[in-house]
Amino acid sequence: MEWTGQGWMQEAAERRMMGQAVLRMVASGLARQGSRLTCWLPVGVALGIVGYFALPAEPAWSTGLMMGGLAGMGLVLLACCRWMVAGTEQAAHWQVLGHCLGSGLLAIGLGFLLAWGQAVRQSPMPFLPMESVWLEGRLAALEPVPGRHEGQKPSWHVVVEGAVFDSPWWNGMAPLQRRVTVTFLPREGQEDGLMALVTGQPVRIRALLRSPPPPLWPGGHDGQRAAWFAGRAGAGLALSPPLPLRAAPAGGVVGRLEDRLVHLRQTMAWMIGAALPGQVGAVASAVLCGETGRLSAETRQSYAAAGLAHLLAVAGLHLGLVMGLVFATVRRCLSLSQRLSAYWPCREVAMLVSFGAGVVYVVLTGLHVPGLRALGMAGLAVLALLLGRRAVSMRGLALVCLMLEVMSPVLVLDVSFQMSFAAVMALIAGHESWRNWLFRLGGHHGQQAPALWRRGAALLVALVLTSLLAGLATLPLSMAYFGAFQPWFVMANLLAVPLMGVWVMPAGIVALLLMPFGLSSGPLHVMGWGIKGIGWLAGCVAAAPLASLPVPSFPAWGVGLYLLGLTVMCLWRGWGRFAGVGVMAVALSAPWLVDRPVMLLVEQGAVLAVRQEGAMRVMEGRPGSGLVRQEMQRALGWNGRGPGQPDCAAGLCHLRLGNDRLVLWRGVAGPERGGEASCRDVVLEIRMGGQHPLCPSVRQLGPADLRREGSWAVYGTGAGGIRLVSDRMVQGDRLWTGEGAFQNVVPLPPAPAE
C-alpha cells in the first residue's frame, strides 16, 4: 500500500509538472505578443455580434442576462488580475491568462449585447397598403438608378420620410417612422420636374408599395434584415411623378444640415454630368461626390472584372490621395515664405489642413463605411505624427474598428466593412514585415543620397506589393459575395492606381475648388481624359482570357472562417501565425464542401430551377424574372447549359434522384388531372399552379407554401430521399421576420357605426 501511495503521488507530481509546463508555454506565448493583444478586442466584439445574428430565434431575457453575466465575469477577472501581486513566475503566468480570458469574455458579451440593443431599438415595421395609394412626406433623397441594359434611360429612387397615406382608410394615421423608397421611371420631359425638387421639401406621389422582400432563396441576401436596420419601411413603383407641395416648417438643425448636404451632392453630380456626359461623368460623380446611381451595369462589370471596382467606391485610396495632395500643396505654399518657414510649424499645419480637407471630402461623398474607416485611420495617423509616434499601426486600425462596431454592430455583416478592414489589415501586416527590406532596396541605409534608379525600383516594388497584398486579402471575399475570380487585378492596379493619383484626383480637386465660381468645366474635362484611360484599361483587362472566372458562393461560415484565419495571420506574432493559413485554406475549400440544392423554388417571379450534372435549367418563371435567374447562376455556381435534362411529357416533369426516386412537378399550365402519373417512386410533388395533387400521399409544395414560408430549396440525400429547406427555416424567428410584420394590408371600408 505504501508503494502504491508513492506511485500515485509521483504520478500526481508528474501531472502537476506537465500542467505547469503547459501553463508556462501558453502564458509565454501570450506575453510575447505584447501590445498586439489589444488588437484582438474588436475581434471578440465581432464574435459576440455574429453570435447574436446566428441565433435561430430571438434571444430570451435569460440569454441576455447570461451574456451580461459573461461580460461582468470578464470585468471581475480583469479587476482581480489588476490587483494581483505577481510575486512568483506561476502567479505572473496566471495573471497573463486572466487578462486575456477576462478581455475575451468582456468583448464577446459586450458584442452580443450591443447587437441585441441595436436590433431592439429599431422602429417597428409598419403595415403597408396593397392597393395603389397617394402618399405625402418629406423628400429625403433623389437618386438616379442606372438602366439594366445599354442605352436604357435611368430611373430614379424617390426616398420619402414621414410618409402618410392619403386614403379614406388611413385617415388620422401617424407619419411612418421609416423611409419609403419609390422607383420612378420618367417619361419624355418629366426629368425637368425632378431637377426642380429640393431635398427636404414635402412631396406627393402615387405609388404601389411592397414590404421588404425575404431572401430570393434559403441562405441568400436577407432583404428584411437589411431593411430593419436601415430604417426602410418598404419600396414601390411610382404611378405618378413626385409633385412638390407647399413648404413646411423646417426640421431641426441636423435635419436641415443633412438636407443641404444631400442637395449639394445632387447639384454637384448634375454639374459634373453636364460637363462630362455618359459613363465618364458617372465615374467622376462617384469619385468626387459619392453618387454612384448613374453607373451602368456594363461599367460596374468591366471595373469588377479588371479588379478595379474599388476605384468606384470612396475609400482609403481616394482619401489618401486627397489628403496627400492637399498636404503637399499647403506645405509647399508655406515654404515659399521665409517668415512662415522660420516661425510656423509648416509640417504640422499642413497635416491639420489636409485632415480638414479629408473630413470635408468624406462628408461630401456621403459618410460611407470605407470612408469613415479611412478617415478614422487618417485622424489617428495625424495625431500620432503630431505626438511623434508611428503614423499607421495595427492598434489604430483596431481602435477604429472597435468604434464602428460600437456605433453600429450590424456593420460587421456588411461586405464593404469586411473588405475594407481585410485590405488595410493585410497592408499594415505586410508593411511591418517588409519595411526594412524596402528601406534597404531604396538605398536609404547609407549616408549618401540614394540613386534615382534605386528609389524608382523601391517605389515600383512598393506599388506591386501594395496591390498584391490588398488584392489577395479581399479576393476571397470578392469571390464569396460576387461569385467571380479576377486573376489580372495586380496588373490592372499597377497602371490604374498611379493614373488615378497623378491625373484624375488632382484634376478633380481643382474642379471642386472652382465649382462655386462656375469654372470647373476645364478641370473636369482633364479629369475625364484620365477616366477614359482607366476605362479603356478596365475594358482591355476585362476582355483578356480568363479575366473573370465564375465561382460558387461561399457559405456564411466559410466567410467567417476566412476572416478569422486572415486575422490570425496578420495579428499573431511568431510561428503561430501560420495556423491562420490552414484556417484560410479550409475556408477557401468551403464552396466545394457544402451540399448544393438540386431544385430551387423561388417565390419572387415564381421561378423553378433544376440542377443536373452541374447545369441549371429554369423550367418555370413569370416574365421579367431574368434578374432572378442571373443571380441564381452567380450565387450557386450553376452553369447555364450542360447535359442532363428532366423528363417532361404532357405537362408533367420528373427529376430522378438516387435509388430511382423521383420529384414530380407541374407548371402553371400543367394538367389538372393526371391519371397516368405513377406515384410509386415519387418522394415530392411540386405544383406551380392551383391544381389538385396527383400524389396526395407524398410531400407537397405549392403556392400556399411559397406564401407562408418563402422560397424553398430541395436537397438530395444519399439514399434517394430529399431534404427541404425554406426561407423561414434559415431566417428563424427574429424581430425582422415576425409574423405579420412584413405583410401588406387590404383596407376595408369602415362600418356605418364608425
# chains A, B, ... in the order shown; residues from 1 in each chain; ligands from 1

call {"tool": "select_by_dssp", "arguments": {"residues": "range 226-336 of chain A", "states": "strand (DSSP E or B)", "output": "JSON, numbers by chain"}}
result
{"A": [232, 233, 234, 235, 236, 237, 238, 243, 244]}

call {"tool": "residues_around", "arguments": {"residues": "Ser302 in chain A", "least_positions_apart": "2", "cutoff": "7 Å", "atoms": "only C-alpha atoms", "output": "list in words"}}
result
Glu298, Thr299, Arg300, Ala304, Ala305, Ala306, Ala538, Gly539 and Ala542 of chain A

call {"tool": "closest_residue", "arguments": {"among": "A:Ala462, A:Val502, A:Leu546, A:Ala233", "to": "Leu128 in chain A", "atoms": "only C-alpha atoms"}}
result
A:Ala233

call {"tool": "select_by_dssp", "arguments": {"residues": "range 289-496 of chain A", "states": "helix (DSSP H, G or I)", "output": "PyMOL selection string"}}
result
chain A and resi 289+297-305+309-312+316-335+338-343+346-364+369-386+394-407+409-413+415-441+452-482+489-496

call {"tool": "closest_residue", "arguments": {"among": "A:Asn493, A:Gln118, A:Ser420, A:Gln266", "to": "Ala473 in chain A", "atoms": "only C-alpha atoms"}}
result
A:Ser420
